[in-house]
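work_26.pdb follows; it contains PDB, C-alpha atoms and all ligand atoms.
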```pdb
ATOM      1  CA  MET F   1      98.105 111.769  82.066
ATOM      2  CA  ASN F   2      96.460 111.199  78.719
ATOM      3  CA  ASP F   3      95.572 107.677  77.622
ATOM      4  CA  PRO F   4      98.428 106.190  75.592
ATOM      5  CA  GLY F   5      96.184 103.768  73.694
ATOM      6  CA  GLU F   6      96.506 100.010  73.410
ATOM      7  CA  ALA F   7      99.037  99.840  70.573
ATOM      8  CA  VAL F   8     101.474 102.146  72.353
ATOM      9  CA  GLU F   9     100.917 100.242  75.580
ATOM     10  CA  THR F  10     101.773  96.907  73.946
ATOM     11  CA  ARG F  11     104.916  98.382  72.381
ATOM     12  CA  VAL F  12     106.020  99.696  75.770
ATOM     13  CA  PHE F  13     105.412  96.313  77.460
ATOM     14  CA  GLU F  14     107.306  94.519  74.675
ATOM     15  CA  ARG F  15     110.244  96.891  74.908
ATOM     16  CA  ASP F  16     110.385  96.402  78.695
ATOM     17  CA  GLY F  17     110.190  92.601  78.394
ATOM     18  CA  TYR F  18     106.762  92.357  80.084
ATOM     19  CA  ARG F  19     108.442  93.147  83.382
ATOM     20  CA  CYS F  20     107.797  95.831  86.004
ATOM     21  CA  ARG F  21     110.734  98.213  85.702
ATOM     22  CA  ASN F  22     110.589  98.930  89.414
ATOM     23  CA  CYS F  23     110.263  95.590  91.209
ATOM     24  CA  GLY F  24     111.004  93.219  88.326
ATOM     25  CA  GLU F  25     107.709  91.312  88.478
ATOM     26  CA  SER F  26     107.155  89.544  85.176
ATOM     27  CA  ASP F  27     103.796  88.938  83.460
ATOM     28  CA  GLN F  28     103.848  87.707  79.863
ATOM     29  CA  ASP F  29     100.040  88.095  79.588
ATOM     30  CA  ALA F  30     100.331  91.707  80.767
ATOM     31  CA  ASN F  31      97.230  91.323  82.969
ATOM     32  CA  SER F  32      98.973  92.832  85.973
ATOM     33  CA  LEU F  33     101.014  95.418  84.039
ATOM     34  CA  GLU F  34     100.263  99.104  83.563
ATOM     35  CA  PRO F  35     102.182 101.829  81.757
ATOM     36  CA  TYR F  36     103.352 104.700  83.946
ATOM     37  CA  ALA F  37     104.296 108.084  82.450
ATOM     38  CA  ILE F  38     107.329 109.861  83.916
ATOM     39  CA  ASP F  39     106.500 113.010  81.917
ATOM     40  CA  ASP F  40     103.374 115.106  81.370
ATOM     41  CA  ARG F  41     102.630 113.450  78.037
ATOM     42  CA  ALA F  42     102.220 109.701  77.678
ATOM     43  CA  THR F  43     104.520 109.153  74.689
ATOM     44  CA  PRO F  44     106.480 105.879  74.296
ATOM     45  CA  GLU F  45     109.665 107.689  75.413
ATOM     46  CA  SER F  46     107.973 108.644  78.668
ATOM     47  CA  LEU F  47     106.117 105.422  79.453
ATOM     48  CA  VAL F  48     107.520 102.706  81.691
ATOM     49  CA  THR F  49     106.084  99.255  82.423
ATOM     50  CA  THR F  50     104.994  98.852  86.042
ATOM     51  CA  CYS F  51     103.063  96.157  87.916
ATOM     52  CA  THR F  52      99.696  96.950  89.518
ATOM     53  CA  SER F  53     101.111  97.446  93.002
ATOM     54  CA  CYS F  54     104.059  99.633  91.935
ATOM     55  CA  HIS F  55     101.656 101.627  89.740
ATOM     56  CA  ALA F  56      99.333 102.121  92.728
ATOM     57  CA  LEU F  57     102.228 103.322  94.889
ATOM     58  CA  LEU F  58     103.392 105.728  92.168
ATOM     59  CA  SER F  59      99.845 107.032  91.734
ATOM     60  CA  GLY F  60      99.607 108.098  95.363
ATOM     61  CA  GLY F  61      99.178 104.786  97.208
ATOM     62  CA  VAL F  62     100.595 104.067 100.642
ATOM     63  CA  PRO F  63     103.795 101.963 100.786
ATOM     64  CA  ALA F  64     103.366  98.481 102.301
ATOM     65  CA  TRP F  65     105.770  99.228 105.178
ATOM     66  CA  ARG F  66     103.515 102.119 106.249
ATOM     67  CA  ARG F  67     100.805  99.598 107.167
ATOM     68  CA  THR F  68     103.242  97.135 108.725
ATOM     69  CA  VAL F  69     104.667  99.817 110.995
ATOM     70  CA  VAL F  70     101.325 100.177 112.794
ATOM     71  CA  THR F  71     101.591  96.698 114.302
ATOM     72  CA  ASP F  72     105.316  95.961 113.869
ATOM     73  CA  VAL F  73     107.387  99.135 114.211
ATOM     74  CA  GLU F  74     110.800  97.496 113.826
ATOM     75  CA  GLY F  75     109.757  95.269 110.941
ATOM     76  CA  GLY F  76     108.038  98.087 109.056
ATOM     77  CA  LEU F  77     110.886 100.534 109.461
ATOM     78  CA  PHE F  78     113.489  97.936 108.579
ATOM     79  CA  SER F  79     111.644  97.246 105.358
ATOM     80  CA  LEU F  80     111.453 100.989 104.631
ATOM     81  CA  LEU F  81     115.204 101.410 105.206
ATOM     82  CA  LYS F  82     116.000  98.460 102.975
ATOM     83  CA  THR F  83     113.833  99.797 100.132
ATOM     84  CA  VAL F  84     114.959 103.412 100.314
ATOM     85  CA  THR F  85     118.690 102.763 100.799
ATOM     86  CA  GLY F  86     118.604 100.127  98.054
ATOM     87  CA  THR F  87     116.744 102.282  95.534
ATOM     88  CA  GLN F  88     118.669 105.450  96.347
ATOM     89  CA  GLY F  89     121.990 103.594  96.368
ATOM     90  CA  THR F  90     121.391 102.329  92.834
ATOM     91  CA  ALA F  91     120.113 105.752  91.757
ATOM     92  CA  VAL F  92     123.287 107.530  92.952
ATOM     93  CA  GLY F  93     125.435 105.446  90.580
ATOM     94  CA  ASP F  94     122.912 105.583  87.750
ATOM     95  CA  VAL F  95     122.478 109.359  87.974
ATOM     96  CA  ALA F  96     126.266 109.921  87.957
ATOM     97  CA  GLY F  97     126.593 107.660  84.895
ATOM     98  CA  PHE F  98     123.685 109.383  83.177
ATOM     99  CA  ALA F  99     125.230 112.831  83.737
ATOM    100  CA  THR F 100     128.613 111.683  82.400
ATOM    101  CA  GLU F 101     127.150 110.071  79.288
ATOM    102  CA  THR F 102     124.770 112.940  78.609
ATOM    103  CA  THR F 103     127.417 115.640  78.832
ATOM    104  CA  ALA F 104     129.677 113.560  76.548
ATOM    105  CA  GLY F 105     127.062 113.816  73.773
ATOM    106  CA  ILE F 106     124.187 111.564  72.767
ATOM    107  CA  ASP F 107     124.688 110.327  69.225
ATOM    108  CA  GLY F 108     123.914 106.943  67.698
ATOM    109  CA  ASP F 109     123.545 104.139  70.258
ATOM    110  CA  ALA F 110     123.705 106.637  73.072
ATOM    111  CA  ARG F 111     120.241 107.916  72.108
ATOM    112  CA  ASP F 112     118.364 104.755  73.051
ATOM    113  CA  ARG F 113     120.480 104.384  76.149
ATOM    114  CA  TYR F 114     119.705 107.985  77.173
ATOM    115  CA  ARG F 115     115.955 107.418  76.864
ATOM    116  CA  ALA F 116     116.052 104.058  78.669
ATOM    117  CA  ASP F 117     118.313 105.304  81.478
ATOM    118  CA  ARG F 118     116.253 108.442  81.890
ATOM    119  CA  ARG F 119     113.043 106.404  82.259
ATOM    120  CA  GLN F 120     114.660 104.030  84.736
ATOM    121  CA  ILE F 121     116.140 106.785  86.897
ATOM    122  CA  ARG F 122     113.061 109.017  86.835
ATOM    123  CA  LEU F 123     110.950 106.006  87.829
ATOM    124  CA  ALA F 124     113.303 105.140  90.714
ATOM    125  CA  LEU F 125     113.264 108.735  91.953
ATOM    126  CA  ARG F 126     109.442 108.783  91.841
ATOM    127  CA  VAL F 127     109.346 105.600  93.910
ATOM    128  CA  VAL F 128     111.782 107.050  96.451
ATOM    129  CA  GLU F 129     109.661 110.215  96.559
ATOM    130  CA  ARG F 130     106.608 108.152  97.571
ATOM    131  CA  HIS F 131     108.536 106.445 100.387
ATOM    132  CA  LEU F 132     110.039 109.709 101.619
ATOM    133  CA  THR F 133     106.637 111.407 101.716
ATOM    134  CA  ALA F 134     105.274 108.572 103.848
ATOM    135  CA  LEU F 135     108.378 108.658 106.051
ATOM    136  CA  GLU F 136     108.085 112.397 106.552
ATOM    137  CA  THR F 137     104.447 112.007 107.584
ATOM    138  CA  ILE F 138     105.428 109.342 110.074
ATOM    139  CA  CYS F 139     108.181 111.544 111.520
ATOM    140  CA  GLU F 140     105.718 114.380 112.001
ATOM    141  CA  GLU F 141     102.771 112.350 113.210
ATOM    142  CA  SER F 142     104.507 109.795 115.363
ATOM    143  CA  GLY F 143     105.346 112.721 117.550
ATOM    144  CA  TYR F 144     109.006 113.240 117.373
ATOM    145  CA  PRO F 145     109.122 114.060 120.150
ATOM    146  CA  ALA F 146     106.166 116.097 121.394
ATOM    147  CA  ARG F 147     103.180 114.020 120.301
ATOM    148  CA  ALA F 148     104.700 110.662 121.141
ATOM    149  CA  ARG F 149     102.177 109.921 123.856
ATOM    150  CA  GLN F 150      98.953 110.977 122.219
ATOM    151  CA  ASN F 151      99.170 108.748 119.198
ATOM    152  CA  ASN F 152      97.800 105.526 120.497
ATOM    153  CA  GLY F 153      95.338 104.196 117.985
ATOM    154  CA  THR F 154      94.320 107.489 116.428
ATOM    155  CA  VAL F 155      93.763 107.774 112.701
ATOM    156  CA  ASP F 156      95.632 110.229 110.515
ATOM    157  CA  ASP F 157      94.473 112.048 107.384
ATOM    158  CA  SER F 158      95.437 109.212 105.062
ATOM    159  CA  GLY F 159      93.180 106.862 107.024
ATOM    160  CA  GLU F 160      96.127 104.820 108.256
ATOM    161  CA  SER F 161      96.490 104.177 111.950
ATOM    162  CA  LEU F 162      99.447 105.893 113.485
ATOM    163  CA  PRO F 163     102.347 103.820 114.739
ATOM    164  CA  PRO F 164     102.533 103.229 118.463
ATOM    165  CA  PRO F 165     104.188 105.832 120.707
ATOM    166  CA  GLU F 166     107.460 103.937 121.231
ATOM    167  CA  LEU F 167     108.367 104.894 117.682
ATOM    168  CA  GLY F 168     108.634 108.557 118.554
ATOM    169  CA  ARG F 169     110.250 107.901 121.898
ATOM    170  CA  LEU F 170     112.962 105.461 120.878
ATOM    171  CA  LEU F 171     113.533 105.948 117.204
ATOM    172  CA  GLY F 172     112.221 109.442 116.513
ATOM    173  CA  PRO F 173     115.509 111.377 116.492
ATOM    174  CA  SER F 174     117.481 108.945 114.342
ATOM    175  CA  LEU F 175     114.513 108.373 112.038
ATOM    176  CA  ALA F 176     114.190 112.131 111.557
ATOM    177  CA  THR F 177     117.912 112.373 110.670
ATOM    178  CA  VAL F 178     117.621 109.562 108.116
ATOM    179  CA  SER F 179     114.495 111.171 106.664
ATOM    180  CA  GLU F 180     116.247 114.533 106.369
ATOM    181  CA  LEU F 181     119.405 113.135 104.759
ATOM    182  CA  ALA F 182     117.465 110.930 102.332
ATOM    183  CA  THR F 183     115.360 113.953 101.329
ATOM    184  CA  THR F 184     118.521 116.032 100.785
ATOM    185  CA  LEU F 185     120.056 113.265  98.666
ATOM    186  CA  GLN F 186     116.848 113.003  96.663
ATOM    187  CA  ALA F 187     116.964 116.756  95.951
ATOM    188  CA  HIS F 188     120.589 116.536  94.716
ATOM    189  CA  LEU F 189     119.749 113.602  92.440
ATOM    190  CA  GLN F 190     116.697 115.393  91.016
ATOM    191  CA  GLN F 191     118.844 118.450  90.385
ATOM    192  CA  VAL F 192     121.550 116.461  88.554
ATOM    193  CA  MET F 193     118.860 114.923  86.343
ATOM    194  CA  SER F 194     117.353 118.333  85.556
ATOM    195  CA  LEU F 195     120.767 119.810  84.763
ATOM    196  CA  ALA F 196     121.782 116.842  82.587
ATOM    197  CA  GLU F 197     118.476 117.178  80.701
ATOM    198  CA  THR F 198     119.140 120.900  80.339
ATOM    199  CA  ALA F 199     122.508 120.036  78.747
ATOM    200  CA  VAL F 200     120.617 117.983  76.134
ATOM    201  CA  VAL F 201     118.302 120.929  75.390
ATOM    202  CA  ALA F 202     121.348 123.237  75.200
ATOM    203  CA  ASP F 203     122.721 120.825  72.584
ATOM    204  CA  GLY F 204     119.563 121.361  70.493
ATOM    205  CA  HIS F 205     117.451 118.338  71.389
ATOM    206  CA  CYS F 206     114.234 117.767  73.297
ATOM    207  CA  HIS F 207     115.276 116.180  76.610
ATOM    208  CA  VAL F 208     112.401 113.673  76.380
ATOM    209  CA  CYS F 209     112.248 112.441  72.759
ATOM    210  CA  LEU F 210     115.649 113.797  71.561
ATOM    211  CA  GLU F 211     114.157 115.275  68.378
ATOM    212  CA  PRO F 212     115.932 118.463  67.216
ATOM    213  CA  ILE F 213     114.564 121.733  68.616
ATOM    214  CA  GLU F 214     115.356 125.415  68.324
ATOM    215  CA  VAL F 215     117.270 126.619  71.337
ATOM    216  CA  GLU F 216     116.308 130.110  72.228
ATOM    217  CA  SER F 217     115.862 132.298  75.207
ATOM    218  CA  THR F 218     112.157 132.458  75.980
ATOM    219  CA  VAL F 219     110.580 135.908  75.789
ATOM    220  CA  ASP F 220     108.230 135.011  78.629
ATOM    221  CA  GLY F 221     111.085 135.251  81.073
ATOM    222  CA  PRO F 222     113.143 132.694  82.915
ATOM    223  CA  ASN F 223     111.774 129.201  83.417
ATOM    224  CA  ALA F 224     109.018 129.560  80.857
ATOM    225  CA  SER F 225     108.860 126.216  79.114
ATOM    226  CA  ARG F 226     107.752 125.587  75.547
ATOM    227  CA  PRO F 227     106.230 122.318  74.350
ATOM    228  CA  CYS F 228     108.401 120.123  72.113
ATOM    229  CA  PRO F 229     107.024 120.125  68.528
ATOM    230  CA  SER F 230     107.439 116.339  68.350
ATOM    231  CA  CYS F 231     106.387 114.891  71.726
ATOM    232  CA  ARG F 232     104.551 117.945  73.136
ATOM    233  CA  ASN F 233     106.305 117.653  76.494
ATOM    234  CA  PRO F 234     107.481 120.948  78.021
ATOM    235  CA  ILE F 235     111.137 121.501  77.142
ATOM    236  CA  ARG F 236     113.490 122.473  79.943
ATOM    237  CA  PRO F 237     114.244 126.202  79.793
ATOM    238  CA  VAL F 238     117.898 127.148  79.209
ATOM    239  CA  ASP F 239     117.638 130.874  80.028
ATOM    240  CA  GLU F 240     119.682 130.543  83.164
ATOM    241  CA  TRP F 241     122.675 129.305  81.120
ATOM    242  CA  ILE F 242     122.672 131.898  78.355
ATOM    243  CA  ASP F 243     125.553 134.406  78.582
ATOM    244  CA  GLU F 244     125.618 138.101  77.541
ATOM    245  CA  ASP F 245     126.362 137.175  73.917
ATOM    246  CA  GLY F 246     123.253 135.030  73.738
ATOM    247  CA  ALA F 247     125.304 131.803  73.608
ATOM    248  CA  ILE F 248     124.792 128.885  75.926
ATOM    249  CA  ALA F 249     127.441 128.756  78.629
ATOM    250  CA  LEU F 250     128.142 125.045  78.926
ATOM    251  CA  ALA F 251     131.089 125.297  81.324
ATOM    252  CA  PRO F 252     129.024 126.708  84.236
ATOM    253  CA  LEU F 253     126.279 124.157  83.521
ATOM    254  CA  TYR F 254     128.782 121.281  83.685
ATOM    255  CA  ARG F 255     130.324 122.756  86.836
ATOM    256  CA  ALA F 256     126.871 122.882  88.457
ATOM    257  CA  ILE F 257     126.415 119.186  87.622
ATOM    258  CA  SER F 258     129.779 118.292  89.224
ATOM    259  CA  THR F 259     128.954 120.265  92.359
ATOM    260  CA  GLU F 260     125.577 118.542  92.730
ATOM    261  CA  LEU F 261     127.235 115.145  92.232
ATOM    262  CA  GLU F 262     129.840 115.934  94.919
ATOM    263  CA  ASP F 263     127.080 117.010  97.311
ATOM    264  CA  ALA F 264     125.140 113.843  96.505
ATOM    265  CA  SER F 265     128.188 111.719  97.244
ATOM    266  CA  GLU F 266     128.852 113.474 100.542
ATOM    267  CA  THR F 267     125.194 113.155 101.583
ATOM    268  CA  THR F 268     125.270 109.460 100.645
ATOM    269  CA  SER F 269     128.170 108.818 103.048
ATOM    270  CA  ARG F 270     126.367 110.475 105.933
ATOM    271  CA  LEU F 271     123.101 108.740 105.092
ATOM    272  CA  THR F 272     124.781 105.327 104.911
ATOM    273  CA  GLU F 273     126.240 105.866 108.371
ATOM    274  CA  HIS F 274     122.941 106.975 109.946
ATOM    275  CA  SER F 275     120.851 104.289 108.211
ATOM    276  CA  GLY F 276     123.329 101.682 109.453
ATOM    277  CA  THR F 277     122.982 102.881 113.036
ATOM    278  CA  LEU F 278     119.192 102.938 112.774
ATOM    279  CA  ALA F 279     119.099  99.467 111.199
ATOM    280  CA  GLU F 280     121.191  98.118 114.073
ATOM    281  CA  ALA F 281     118.804  99.661 116.606
ATOM    282  CA  LEU F 282     115.865  98.039 114.809
ATOM    283  CA  VAL F 283     117.227  94.479 114.815
ATOM    284  CA  GLU F 284     118.411  94.598 118.425
TER
HETATM  285 ZN    ZN Z 301     106.386  96.359  90.443
HETATM  286 ZN    ZN Z 302     110.154 115.924  72.472
END
```
Can you present the structure in this file as C-alpha cells?
Ligand SMILES: [Zn+2]
Ligand SMILES: [Zn+2]
Amino acid sequence: MNDPGEAVETRVFERDGYRCRNCGESDQDANSLEPYAIDDRATPESLVTTCTSCHALLSGGVPAWRRTVVTDVEGGLFSLLKTVTGTQGTAVGDVAGFATETTAGIDGDARDRYRADRRQIRLALRVVERHLTALETICEESGYPARARQNNGTVDDSGESLPPPELGRLLGPSLATVSELATTLQAHLQQVMSLAETAVVADGHCHVCLEPIEVESTVDGPNASRPCPSCRNPIRPVDEWIDEDGAIALAPLYRAISTELEDASETTSRLTEHSGTLAEALVE
C-alpha cells in the first residue's frame, strides 16, 4: 500500500467520524486510528478508518481468541464463533443490499452510498478472512483427528502455542464443519461483491471511484485488468460477460449474482445450525 499522506488521512478520519469502522472504537484525537486500504491504491474511496488493534489484525496479526484458546479452549472458541457469526451475519444482509442497489443503477445519492457500503463490506470480509485463516490453522494443527495427542505445548509456525489436545478430540469434527461452511459462505459473499462491481464496470464506471471509463474487451485476454485513469486501481475485467456482438450481456451477469446470493443464503442456514450446536457444546 502506498502512503496516503496526512491530508488524505485526516479527511478519511473525518468522514468516518473518528471511529474504527470495524469495532466502533472512537478516538477524536486520532492517536489510535490508522487508515486501511481495501484496494491496491490508497485513494480516499479505498481507505477506511480502523483502530490500531483492528489494523494489526487486518495486516496479518493473530486474532485475540487464537491466544485465549491456548489456555481456555471453550472461551476462545466461543469468542471466535461470536465474532465470525456476527460479522458474517451482518455481511450477508449488507452484500445482498449492495447487489440490489448496484444492479439498480448508481446515480446521484447512490454514488456515495455505493462507495461507503463497498468499503464497509470489503472491510468486514477482510476481517472474517483473518479469523477464518486462523480457524483453519487451528483445525489442521489441533489434530482433527490424527494429531490430537501430539500437540501438548508445542509451538506452531506463527509462534503461538497450540491448543490442548481435547480440542481435537471433542470439538474437532464440529469445528471443522463450521470452518468449512463459514469458508464457503465467505467465498459466495466475495463472489457477489466481485460480480456487483463488475456490473458497475459494465455500466461504464470504475468500480472503486465511479469515474467514467471506457468499457472494452481487453486484448490481453480474459481477466487482464487495466488501471482506472482516475484512481489507478485495476478495473474489474468484463470479458467474461461480452456476447458475440461485442455487447455486455447483463442478464447472465445478474443471474449469476442471484445464484450466488441463493447459495449464500442456503449456506447461512446450515452454518447457523452448526454454529448453534457447537456453541451449545462449548457452554456446557
Ligand atoms: Zn477497531
Ligand atoms: Zn477509479
Closest pair table for chain F residues within 12 Å of ligand ZN 302 (chain Z), all atoms listed in the file, as CSV:
```
residue,atom,partner,partner_atom,distance
F:Asp39,CA,Z:ZN302,ZN,10.5
F:Asp40,CA,Z:ZN302,ZN,11.2
F:Arg41,CA,Z:ZN302,ZN,9.7
F:Ala42,CA,Z:ZN302,ZN,11.3
F:Thr43,CA,Z:ZN302,ZN,9.1
F:Pro44,CA,Z:ZN302,ZN,10.9
F:Glu45,CA,Z:ZN302,ZN,8.8
F:Ser46,CA,Z:ZN302,ZN,9.8
F:Arg115,CA,Z:ZN302,ZN,11.2
F:Glu197,CA,Z:ZN302,ZN,11.8
F:Val200,CA,Z:ZN302,ZN,11.3
F:Val201,CA,Z:ZN302,ZN,10.0
F:Gly204,CA,Z:ZN302,ZN,11.0
F:His205,CA,Z:ZN302,ZN,7.8
F:Cys206,CA,Z:ZN302,ZN,4.6
F:His207,CA,Z:ZN302,ZN,6.6
F:Val208,CA,Z:ZN302,ZN,5.0
F:Cys209,CA,Z:ZN302,ZN,4.1
F:Leu210,CA,Z:ZN302,ZN,6.0
F:Glu211,CA,Z:ZN302,ZN,5.8
F:Pro212,CA,Z:ZN302,ZN,8.2
F:Ile213,CA,Z:ZN302,ZN,8.2
F:Glu214,CA,Z:ZN302,ZN,11.6
F:Arg226,CA,Z:ZN302,ZN,10.4
F:Pro227,CA,Z:ZN302,ZN,7.7
F:Cys228,CA,Z:ZN302,ZN,4.6
F:Pro229,CA,Z:ZN302,ZN,6.6
F:Ser230,CA,Z:ZN302,ZN,5.0
F:Cys231,CA,Z:ZN302,ZN,4.0
F:Arg232,CA,Z:ZN302,ZN,6.0
F:Asn233,CA,Z:ZN302,ZN,5.8
F:Pro234,CA,Z:ZN302,ZN,7.9
F:Ile235,CA,Z:ZN302,ZN,7.3
F:Arg236,CA,Z:ZN302,ZN,10.5
```
Residues of stretch 209-279 of chain F that approach stretch 74-85 of chain F to 8 Å or less, counting only C-alpha atoms: could you list each one with the shortest pair of atoms and its distance in Å to one decimal, rows by chain and increasing residue number, as a tab-separated table?
```
residue	atom	partner	partner_atom	distance
F:Thr272	CA	F:Thr85	CA	7.8
F:Ser275	CA	F:Leu81	CA	7.0
F:Ala279	CA	F:Phe78	CA	6.4
```
Tell me which residues the PyMOL selection byres (((chain F and resi 9) around 9) and not hetatm) grabs here, as a PyMOL selection string.
chain F and resi 4-8+10-14+34-35+44+47+49
Which one of F:Leu271, F:Ala91, F:Val238, F:Val127 sits closest to F:Ala56 if you count all atoms listed in the file?
F:Val127
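Computed from the coordinates, the atom CA of F:Val73 to atom CA of F:Leu125 distance equals 24.9 Å.
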For chain F versus ligand ZN 301 (chain Z), which residues have an atom no more than 6 Å away, and what is each residue's nearest atom pair and distance in Å rounded to one decimal, using only C-alpha atoms and all ligand atoms, chain-then-number order, as a Markdown table?
```
| residue | atom | partner | partner_atom | distance |
| --- | --- | --- | --- | --- |
| F:Cys20 | CA | Z:ZN301 | ZN | 4.7 |
| F:Asn22 | CA | Z:ZN301 | ZN | 5.0 |
| F:Cys23 | CA | Z:ZN301 | ZN | 4.0 |
| F:Gly24 | CA | Z:ZN301 | ZN | 6.0 |
| F:Glu25 | CA | Z:ZN301 | ZN | 5.6 |
| F:Thr50 | CA | Z:ZN301 | ZN | 5.2 |
| F:Cys51 | CA | Z:ZN301 | ZN | 4.2 |
| F:Ser53 | CA | Z:ZN301 | ZN | 6.0 |
| F:Cys54 | CA | Z:ZN301 | ZN | 4.3 |
```
Residues selected by the PyMOL selection byres (((chain F and resi 196) around 10) and not hetatm), written as a VMD selection string:
chain F and resid 95 to 96 98 to 103 190 to 195 197 to 202 207 253 to 254 256 to 257
What gap, in Å, lies between atom CA of F:Thr137 and atom CA of F:Arg66?
10.0 Å
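For the atom pair formed by atom CA of F:Arg130 and atom CA of F:Thr177, the distance is 17.8 Å, given to one decimal.
The smallest atom-to-atom distance between F:Ala264 and any of F:His188, F:Ser59, F:Asp112, F:Ala30, using only C-alpha atoms, is found for F:His188.
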Under the rule that all atoms listed in the file are counted, which of F:Val69, F:Asp203, F:Gly89, F:Ala116 is the nearest residue to F:Ala249?
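The closest residue to F:Ala249 is F:Asp203.
Among F:Thr268, F:Thr68, F:Thr259, F:Thr90, the residue with the shortest atom-to-atom distance to F:Glu180, counting all atoms listed in the file, is F:Thr268.
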Rank nothing, just name the residue among F:Ser265, F:Gln88, F:Gln120, F:Ser179 nearest to F:Glu140, using only C-alpha atoms.
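Going through F:Ser265, F:Gln88, F:Gln120, F:Ser179 one by one, the smallest distance to F:Glu140 is for F:Ser179.
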With the PyMOL selection byres (((chain F and resi 28) around 9) and not hetatm) as the selection, what would be picked from this file? Answer as a PDB file with C-alpha atoms, keeping the file's coordinate frame, please.
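Contents of part25.pdb, as written:
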```
ATOM      1  CA  GLY F  17     110.190  92.601  78.394  1.00  0.00           C
ATOM      2  CA  TYR F  18     106.762  92.357  80.084  1.00  0.00           C
ATOM      3  CA  ARG F  19     108.442  93.147  83.382  1.00  0.00           C
ATOM      4  CA  SER F  26     107.155  89.544  85.176  1.00  0.00           C
ATOM      5  CA  ASP F  27     103.796  88.938  83.460  1.00  0.00           C
ATOM      6  CA  ASP F  29     100.040  88.095  79.588  1.00  0.00           C
ATOM      7  CA  ALA F  30     100.331  91.707  80.767  1.00  0.00           C
ATOM      8  CA  ASN F  31      97.230  91.323  82.969  1.00  0.00           C
TER       9      ASN F  31
END
```
Considering all atoms listed in the file, can you say which of F:Thr52, F:Leu189, F:Val70, F:Leu175 comes closest to F:Ser258?
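Closest to F:Ser258 of all the choices is F:Leu189.
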